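For reference, the structure discussed in these notes is given below.
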Amino acid sequence: MLNNRKIVGIVAIAICVLAWTSELTDLVYVCPYCRAQRTIIGIFGLSLLLPNPRSWINLYLASTVAAFGFFVGAFQHFEGWKKIMFGKFEWGEVWFINPWLLSGCALFIISGLLLLIWASPDTLKPLSVT
């Protein structure tokens, strides 16, 4: 997976663009949680395309953005669990755009992208002291 970092970045950007396109063309409803999550996935995709994703500023920004994404995704996901616990959960007519399912997928994608950013090899060459 580390060798295919740029491909994963392009796929993440494609997911972001497709998700935004589906909302802007009114194929799905407007959801502020989903907007935050898809934007974070796109930012991580761009981050993976950087020449050195392990630079300290990129690691800091990615970690900070991920913390926000985890909070938003977890909040939305546990709202679904609350509905399940109270017997009010419904899949809906189109089950694959259920917020509970999509927020779980977003949490999975965000955590995977963050781990990939942190696991990427540092491409900066150390200074040689001679």
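The way I read the labels, and the way they are meant: chains A, B, ... in the order of the structure tokens, residue 1 as the first residue of every chain, and ligand 1 as the first ligand shown, with later ones counted on from there.
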
Kindly provide the residues of range 36-56 of chain A that approach range 16-20 of chain A to within 12 Å, each paired with its closest atom pair and their distance in Å to one decimal, based on only C-alpha atoms, listed by chain and increasing number, as a Markdown table.
| residue | atom | partner | partner_atom | distance |
| --- | --- | --- | --- | --- |
| A:Ala36 | CA | A:Cys16 | CA | 10.3 |
| A:Gln37 | CA | A:Cys16 | CA | 8.8 |
| A:Arg38 | CA | A:Cys16 | CA | 5.1 |
| A:Thr39 | CA | A:Cys16 | CA | 6.3 |
| A:Ile40 | CA | A:Cys16 | CA | 8.3 |
| A:Ile41 | CA | A:Cys16 | CA | 6.2 |
| A:Gly42 | CA | A:Cys16 | CA | 5.0 |
| A:Ile43 | CA | A:Cys16 | CA | 8.8 |
| A:Phe44 | CA | A:Cys16 | CA | 10.0 |
| A:Gly45 | CA | A:Cys16 | CA | 8.7 |
| A:Leu46 | CA | A:Cys16 | CA | 10.6 |

Atoms to include: C-alpha atoms. Write the selected residues as a PDB file, in the first residue's frame.
ATOM      1  CA  ALA A  36     -17.000  17.721   6.574  1.00  0.00           C
ATOM      2  CA  GLN A  37     -16.115  14.059   6.130  1.00  0.00           C
ATOM      3  CA  ARG A  38     -15.863  14.161   2.345  1.00  0.00           C
ATOM      4  CA  THR A  39     -13.776  17.320   2.466  1.00  0.00           C
ATOM      5  CA  ILE A  40     -11.363  15.711   4.937  1.00  0.00           C
ATOM      6  CA  ILE A  41     -11.046  12.664   2.676  1.00  0.00           C
ATOM      7  CA  GLY A  42     -10.189  14.999  -0.225  1.00  0.00           C
ATOM      8  CA  ILE A  43      -7.643  16.904   1.877  1.00  0.00           C
ATOM      9  CA  PHE A  44      -5.966  13.629   2.814  1.00  0.00           C
ATOM     10  CA  GLY A  45      -5.909  12.655  -0.859  1.00  0.00           C
ATOM     11  CA  LEU A  46      -4.092  15.881  -1.678  1.00  0.00           C
TER      12      LEU A  46
END

Tell me which protein, DNA and RNA residues are within 10 Å of Phe78 in chain A, counting only C-alpha atoms, leaving out same-chain ones fewer than 4 positions away, and put them as a compact mmCIF listing (two decimals) with all heavy atoms, in the first residue's frame.
# COMPACT_ATOMS: atom_id res chain seq x y z
N GLY A 73 -17.47 12.27 12.41
CA GLY A 73 -17.91 10.94 11.99
C GLY A 73 -18.46 10.12 13.14
O GLY A 73 -19.49 9.45 13.00
N ALA A 74 -17.79 10.17 14.29
CA ALA A 74 -18.24 9.40 15.44
C ALA A 74 -19.58 9.93 15.95
O ALA A 74 -20.47 9.16 16.32
CB ALA A 74 -17.20 9.43 16.54
N LYS A 82 -27.89 5.41 18.42
CA LYS A 82 -28.94 5.83 19.35
C LYS A 82 -30.31 5.47 18.77
O LYS A 82 -31.19 4.99 19.49
CB LYS A 82 -28.83 7.34 19.60
CG LYS A 82 -29.73 7.83 20.70
CD LYS A 82 -29.36 9.23 21.16
CE LYS A 82 -29.66 10.26 20.12
NZ LYS A 82 -29.48 11.64 20.60
N LYS A 83 -30.49 5.69 17.47
CA LYS A 83 -31.75 5.32 16.83
C LYS A 83 -31.97 3.82 16.89
O LYS A 83 -33.09 3.36 17.09
CB LYS A 83 -31.77 5.80 15.37
CG LYS A 83 -31.90 7.28 15.21
CD LYS A 83 -31.87 7.67 13.74
CE LYS A 83 -31.89 9.18 13.59
NZ LYS A 83 -31.80 9.57 12.18
N ILE A 84 -30.90 3.05 16.70
CA ILE A 84 -31.01 1.59 16.78
C ILE A 84 -31.46 1.18 18.18
O ILE A 84 -32.36 0.34 18.35
CB ILE A 84 -29.67 0.92 16.40
CG1 ILE A 84 -29.40 1.10 14.90
CG2 ILE A 84 -29.68 -0.56 16.76
CD1 ILE A 84 -28.00 0.68 14.47
N TRP A 100 -25.82 6.39 8.88
CA TRP A 100 -25.12 5.51 9.81
C TRP A 100 -24.07 4.68 9.05
O TRP A 100 -22.92 4.58 9.49
CB TRP A 100 -26.13 4.60 10.51
CG TRP A 100 -25.50 3.61 11.41
CD1 TRP A 100 -24.92 3.86 12.63
CD2 TRP A 100 -25.38 2.20 11.19
NE1 TRP A 100 -24.44 2.69 13.17
CE2 TRP A 100 -24.71 1.65 12.29
CE3 TRP A 100 -25.76 1.35 10.15
CZ2 TRP A 100 -24.43 0.31 12.41
CZ3 TRP A 100 -25.48 0.01 10.28
CH2 TRP A 100 -24.82 -0.50 11.39
N SER A 103 -21.28 7.13 7.54
CA SER A 103 -20.36 7.68 8.55
C SER A 103 -19.38 6.61 9.02
O SER A 103 -18.21 6.91 9.28
CB SER A 103 -21.13 8.25 9.74
OG SER A 103 -21.87 7.26 10.40
N GLY A 104 -19.83 5.36 9.10
CA GLY A 104 -18.91 4.27 9.43
C GLY A 104 -17.85 4.10 8.36
O GLY A 104 -16.66 3.91 8.66

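The closest residue to Trp56 in chain A, picked from A:Val72, A:Ile117, A:Val94, A:Ile110 and counting only C-alpha atoms, is A:Ile117.
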
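A straight line drawn from CA of Ile97 in chain A to CA of Tyr29 in chain A is 9.5 Å long.
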
Practice prompt. Would you mind reading off the distance between CA of Leu107 in chain A and CA of Phe70 in chain A, one decimal, in Å?
Written response: 6.3 Å

Worksheet item: By how many Å are CA of Leu102 in chain A and CA of Pro32 in chain A apart?
Response: 13.1 Å

Discussion item. To test your reading of the structure, identify every residue in chain A that backbone DSSP assigns to alpha helix (DSSP H), and report it as a ChimeraX atom specification.
Written reply: /A:5-24,32-48,56-85,99-119

Practice prompt. Kindly indicate which residue among A:Cys34, A:Phe86, A:Leu48, A:Pro53 lies nearest to Val11 in chain A, using only C-alpha atoms for the distances.
Written response: A:Leu48
